[in-house]
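Data block below; observations after.
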Amino acid sequence: MPWVLLLFIIAVGVGFYVLIYVSAQAQINAVQNGTLPSQPGQLEAMQEALRELRPDRVQSFGVGIVSGIGSVMLIVFAASHVGTEFGWGTLRTLLAHGAGRGQFVLSKSLSLALFALVFMTVGVIAAIVGSYLVTTMANESRDGLDLGAVIDVAARGYYTFLPYMALAALIALWARSAGAAIAAGLVVYFTESLIAGLLIQFNRDFANIVNYGLSRNASALTRVAVTTSASPDPGFAALPDPGQAAIVLGIWTALFIGLAYWRLRTRDVTLG
Amino acid sequence: MSAARLRDYARDVTDDVVLRTSGLTKRFGELTAVDHLDLHVKRGEVVGLLGPNGAGKSTTIGMVLGLVAPTAGSAQVLGHEVATHREQALAGVGAMLEVTSFYPYLTGRDNLVAVALLRGDGALAQVDPLLTRIGLASRGGSKFRTYSLGMRQRLGIASTLLGDPALVILDEPANGLDPAGQREIRELIKELAKEGRGVLLASHLLYEVEQICDRVVVIKKGKLIASGTIAEVTHRGSYYEIAVPDMGRASSALRALPGVTEIRETEAALEVVADAGRGAELNRALAAAGIYASAIVPRTSSLEDVFLELTESGSDAPAAS
């Protein structure tokens, strides 16, 4: 599975650039040739889309794609990484041969964190390659890659992966099932931000509560670096500050790992 | 460590006991899976853990391995309490569980390497010799998922020997093996005992148990119902078959004899349950009563007969020797 995920994020990283370039370029050509009726602002929008593909925008566009798709993929991976130990019965084998429950949780946490790091690195490299590829195809300047900014945004994105992965691992351990953890992890990932947004729209004071959840803090941490290009949404002003976001996400991650250890420590690993 | 535990520990060191459970109990809600179980395994002996399905064998093994937390009682391996000193205790144990589970995407050899890394110093160097010993040298490089059931069992047995454990626990090791494989495993278990290891063997193959175990422990509904050497346990089902012309008078004559615990009348003969080596005494008592037996044949029950009698009867009372 790890190799498949890495190959997939490479394909996504490069593929998104090529796909958007080809479709935007085709529309521009069609408008310019007159085969497609010109809408007001359409040409500018397409040209802006092409500008997003340049190396100097990798930190906003490429890393954003890797972070967005990566979150979902890494939730699936974390759930599977822990859940299969129950499905295969290998947890019993490890414990019966002297591995400790704490050792198990620690090694799973470290290997997940390491994989997420490799995943993000590979994804970002693929995005950079994709950006260079389309600018070469467009015969435009390939200058302007701000590697420092890319690393900064990628590091923030990587950090936001951790609580979601820890949550998926906790659910897998609790339910002794990869499937349940994938489902629950994805539901939390997608619905928490939705519910948080609705609550804030209903009453802005709810921000005081939902700003201690996962999604708002993840948004706060990743959006701060790209505000120059992103148009702020109505709830953006109510996002927690990045420092608080980092602390809250760190606490959630530690809490999920701690709960996973507590659950495994107090659980009988029954025999088949 | 309490004074009683200290005494147990000192005794175990002197007696070469590698595993001792004392009052080991596990309750799952209302269900008592294991009920105050006392057993021990010494170095160099093979102890069979017998019982019908659901008797509590796997739960007992789970508690010995620290996979299942006892509700009461304790399990000690080489004097180390499993509950409180699991790491030290398990350093001396090699265990193969009923369902052999390894990583399917790794080769057999790599799975052994993974276990060896847990077992510590020296275990890595044992991987290849063990693959050879267990007959998997030629398939060590194949993925575990491609293994047959018998090959999986062999790999499981190999994993138990990593780190030279003093106690080897085997839960149904012959599952899925062909007759030749079963014989190999029997020989291997005998070798393990000769090497000075204690072996706890849970098996449904009573023929196998009868051949290789020095002692057996029979449990039912979590309770110990019989224990002792094979001879001691099978003696429980031994009797004399006596052919006499008048069974009623013969029964009266024998019933008064000390050591005669039960007399059953069949169509052809009397079945007299009595201690071994008492055939002449029975004959003398019959002759004294003016009854002349045409045949007195000692019959010995197999372990299977005794096992079925013990586990299918309603009584849960211990019949330990």
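Each chain in the structure tokens gets a letter, A, B and so on, in the order shown; residues start at 1 in every chain, and ligands are counted from 1 in the order they appear.
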
Select residues of chain B: the criterion is any atom within 6 Å of an atom of chain A, counting only C-alpha atoms; output as a PyMOL selection string.
-> chain B and resi 65+67-68+90+101-102

Neighbour list for region 67-82 of chain A as a list in words, cut-off 7 Å, only C-alpha atoms, skip fewer than 5 positions in-chain | Leu112, Gly157, Phe161, Tyr164, Met165, Ala168, Ala169, Ala172, Leu173, Ala178, Ala181, Ile182, Gly185 and Leu186 of chain A

Mind writing the picked residues with C-alpha atoms as an mmCIF file, in the first residue's frame?
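The result, written out as result09.cif:
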data_model
loop_
_atom_site.group_PDB
_atom_site.id
_atom_site.type_symbol
_atom_site.label_atom_id
_atom_site.label_comp_id
_atom_site.auth_asym_id
_atom_site.auth_seq_id
_atom_site.Cartn_x
_atom_site.Cartn_y
_atom_site.Cartn_z
ATOM 1 C CA LEU A 112 2.960 6.871 10.312
ATOM 2 C CA GLY A 157 0.447 20.913 5.670
ATOM 3 C CA PHE A 161 -1.939 15.515 8.669
ATOM 4 C CA TYR A 164 -6.185 13.119 11.439
ATOM 5 C CA MET A 165 -3.822 10.159 11.104
ATOM 6 C CA ALA A 168 -7.771 7.182 12.267
ATOM 7 C CA ALA A 169 -5.208 4.993 14.064
ATOM 8 C CA ALA A 172 -8.736 1.394 14.041
ATOM 9 C CA LEU A 173 -7.321 0.276 17.353
ATOM 10 C CA ALA A 178 -9.409 -0.786 9.217
ATOM 11 C CA ALA A 181 -11.529 3.596 10.967
ATOM 12 C CA ILE A 182 -11.444 4.682 7.332
ATOM 13 C CA GLY A 185 -11.900 9.131 9.901
ATOM 14 C CA LEU A 186 -13.265 10.403 6.607
#

Sorted by chain and rising residue number, list the residues of region 7-102 of chain A at most 8 Å from region 123-127 of chain A (counting only C-alpha atoms), each with its closest atom pair and distance in Å to one decimal, as JSON lines.
{"residue": "A:Ile9", "atom": "CA", "partner": "A:Gly123", "partner_atom": "CA", "distance": 5.5}
{"residue": "A:Ile10", "atom": "CA", "partner": "A:Ala126", "partner_atom": "CA", "distance": 5.2}
{"residue": "A:Ala11", "atom": "CA", "partner": "A:Ala126", "partner_atom": "CA", "distance": 7.7}
{"residue": "A:Gly13", "atom": "CA", "partner": "A:Ala127", "partner_atom": "CA", "distance": 4.5}
{"residue": "A:Val14", "atom": "CA", "partner": "A:Ala126", "partner_atom": "CA", "distance": 5.5}
{"residue": "A:Tyr17", "atom": "CA", "partner": "A:Ala127", "partner_atom": "CA", "distance": 7.5}
{"residue": "A:Val58", "atom": "CA", "partner": "A:Ala127", "partner_atom": "CA", "distance": 7.0}
{"residue": "A:Gly62", "atom": "CA", "partner": "A:Ala127", "partner_atom": "CA", "distance": 5.1}
{"residue": "A:Val63", "atom": "CA", "partner": "A:Val124", "partner_atom": "CA", "distance": 5.9}
{"residue": "A:Val66", "atom": "CA", "partner": "A:Gly123", "partner_atom": "CA", "distance": 5.8}

In terms of the shortest atom-to-atom distance over only C-alpha atoms, which of B:Gly29, B:Gly48, B:Gly176, B:Gly259 is closest to Val216 (chain B)?
->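 Checking each candidate against Val216 (chain B), we get B:Gly48 as the closest.
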
Between CA of Thr60 (chain B) and CA of Ala180 (chain B) lies a distance of 29.5 Å

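Note that the spacing between CA of Ala245 (chain A) and CA of Ala218 (chain A) amounts to 6.9 Å.
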
Determine which residues of region 22-243 of chain B receive a DSSP assignment of alpha helix (DSSP H), computed from the backbone, and state them as a ChimeraX atom specification.
-> /B:57-64,86-90,108-119,123-133,149-161,179-194,206-212,230-235

Residues from the last selection, C-alpha atoms, saved as a PDB file, in the first residue's frame:
ATOM      1  CA  LYS B  57      -6.977 -23.548  26.877  1.00  0.00           C
ATOM      2  CA  SER B  58      -6.366 -20.564  24.616  1.00  0.00           C
ATOM      3  CA  THR B  59      -7.390 -18.119  27.345  1.00  0.00           C
ATOM      4  CA  THR B  60      -4.929 -19.819  29.696  1.00  0.00           C
ATOM      5  CA  ILE B  61      -2.179 -19.495  27.089  1.00  0.00           C
ATOM      6  CA  GLY B  62      -3.219 -15.889  26.512  1.00  0.00           C
ATOM      7  CA  MET B  63      -2.778 -15.142  30.211  1.00  0.00           C
ATOM      8  CA  VAL B  64       0.603 -16.865  30.301  1.00  0.00           C
ATOM      9  CA  ARG B  86       6.043  -9.193  31.230  1.00  0.00           C
ATOM     10  CA  GLU B  87       9.210  -8.322  29.335  1.00  0.00           C
ATOM     11  CA  GLN B  88      11.499 -10.446  31.534  1.00  0.00           C
ATOM     12  CA  ALA B  89       8.963 -13.271  31.645  1.00  0.00           C
ATOM     13  CA  LEU B  90       8.421 -13.418  27.892  1.00  0.00           C
ATOM     14  CA  GLY B 108       8.923 -16.326   5.623  1.00  0.00           C
ATOM     15  CA  ARG B 109      12.519 -15.424   6.349  1.00  0.00           C
ATOM     16  CA  ASP B 110      11.747 -11.717   6.781  1.00  0.00           C
ATOM     17  CA  ASN B 111       8.921 -12.576   9.159  1.00  0.00           C
ATOM     18  CA  LEU B 112      11.380 -14.567  11.254  1.00  0.00           C
ATOM     19  CA  VAL B 113      13.806 -11.633  11.122  1.00  0.00           C
ATOM     20  CA  ALA B 114      11.020  -9.360  12.402  1.00  0.00           C
ATOM     21  CA  VAL B 115      10.419 -11.690  15.341  1.00  0.00           C
ATOM     22  CA  ALA B 116      14.165 -12.091  15.901  1.00  0.00           C
ATOM     23  CA  LEU B 117      14.516  -8.325  16.247  1.00  0.00           C
ATOM     24  CA  LEU B 118      12.034  -8.509  19.114  1.00  0.00           C
ATOM     25  CA  ARG B 119      13.834 -11.449  20.699  1.00  0.00           C
ATOM     26  CA  ALA B 123      18.235 -14.405  17.604  1.00  0.00           C
ATOM     27  CA  LEU B 124      19.054 -13.004  14.166  1.00  0.00           C
ATOM     28  CA  ALA B 125      21.822 -15.544  13.717  1.00  0.00           C
ATOM     29  CA  GLN B 126      19.307 -18.330  14.379  1.00  0.00           C
ATOM     30  CA  VAL B 127      16.969 -17.435  11.522  1.00  0.00           C
ATOM     31  CA  ASP B 128      18.598 -19.434   8.740  1.00  0.00           C
ATOM     32  CA  PRO B 129      19.510 -22.486  10.862  1.00  0.00           C
ATOM     33  CA  LEU B 130      15.918 -22.576  12.118  1.00  0.00           C
ATOM     34  CA  LEU B 131      14.498 -22.397   8.602  1.00  0.00           C
ATOM     35  CA  THR B 132      16.656 -25.402   7.761  1.00  0.00           C
ATOM     36  CA  ARG B 133      15.687 -27.246  10.937  1.00  0.00           C
ATOM     37  CA  LEU B 149      -1.244 -24.210   6.017  1.00  0.00           C
ATOM     38  CA  GLY B 150       1.447 -26.737   6.876  1.00  0.00           C
ATOM     39  CA  MET B 151       4.227 -24.335   5.903  1.00  0.00           C
ATOM     40  CA  ARG B 152       2.638 -21.608   8.007  1.00  0.00           C
ATOM     41  CA  GLN B 153       2.612 -23.958  10.983  1.00  0.00           C
ATOM     42  CA  ARG B 154       6.272 -24.769  10.437  1.00  0.00           C
ATOM     43  CA  LEU B 155       7.160 -21.101  10.294  1.00  0.00           C
ATOM     44  CA  GLY B 156       5.183 -20.550  13.500  1.00  0.00           C
ATOM     45  CA  ILE B 157       7.136 -23.310  15.216  1.00  0.00           C
ATOM     46  CA  ALA B 158      10.430 -21.856  13.961  1.00  0.00           C
ATOM     47  CA  SER B 159       9.472 -18.484  15.421  1.00  0.00           C
ATOM     48  CA  THR B 160       8.992 -20.044  18.859  1.00  0.00           C
ATOM     49  CA  LEU B 161      12.593 -21.189  18.944  1.00  0.00           C
ATOM     50  CA  PRO B 179       1.007 -37.390   8.630  1.00  0.00           C
ATOM     51  CA  ALA B 180       4.715 -37.105   7.831  1.00  0.00           C
ATOM     52  CA  GLY B 181       4.702 -33.495   8.981  1.00  0.00           C
ATOM     53  CA  GLN B 182       2.888 -34.446  12.180  1.00  0.00           C
ATOM     54  CA  ARG B 183       5.522 -37.069  12.913  1.00  0.00           C
ATOM     55  CA  GLU B 184       8.294 -34.516  12.294  1.00  0.00           C
ATOM     56  CA  ILE B 185       6.657 -32.131  14.726  1.00  0.00           C
ATOM     57  CA  ARG B 186       6.361 -34.886  17.340  1.00  0.00           C
ATOM     58  CA  GLU B 187      10.060 -35.629  16.956  1.00  0.00           C
ATOM     59  CA  LEU B 188      10.865 -31.944  17.166  1.00  0.00           C
ATOM     60  CA  ILE B 189       8.876 -31.540  20.386  1.00  0.00           C
ATOM     61  CA  LYS B 190      10.705 -34.507  21.905  1.00  0.00           C
ATOM     62  CA  GLU B 191      13.998 -32.903  20.868  1.00  0.00           C
ATOM     63  CA  LEU B 192      12.980 -29.631  22.490  1.00  0.00           C
ATOM     64  CA  ALA B 193      12.371 -31.430  25.771  1.00  0.00           C
ATOM     65  CA  LYS B 194      15.688 -33.269  25.446  1.00  0.00           C
ATOM     66  CA  LEU B 206      -4.818 -37.170  21.783  1.00  0.00           C
ATOM     67  CA  TYR B 207      -2.791 -39.848  20.036  1.00  0.00           C
ATOM     68  CA  GLU B 208      -0.075 -37.251  19.568  1.00  0.00           C
ATOM     69  CA  VAL B 209      -0.340 -36.125  23.188  1.00  0.00           C
ATOM     70  CA  GLU B 210      -0.185 -39.717  24.440  1.00  0.00           C
ATOM     71  CA  GLN B 211       3.000 -40.284  22.479  1.00  0.00           C
ATOM     72  CA  ILE B 212       4.976 -37.220  23.457  1.00  0.00           C
ATOM     73  CA  ILE B 230      -0.227 -40.275  31.071  1.00  0.00           C
ATOM     74  CA  ALA B 231      -0.129 -43.544  33.041  1.00  0.00           C
ATOM     75  CA  GLU B 232      -1.770 -41.959  36.041  1.00  0.00           C
ATOM     76  CA  VAL B 233      -4.524 -40.378  34.027  1.00  0.00           C
ATOM     77  CA  THR B 234      -5.248 -43.386  31.832  1.00  0.00           C
ATOM     78  CA  HIS B 235      -5.254 -45.625  34.875  1.00  0.00           C
TER      79      HIS B 235
END
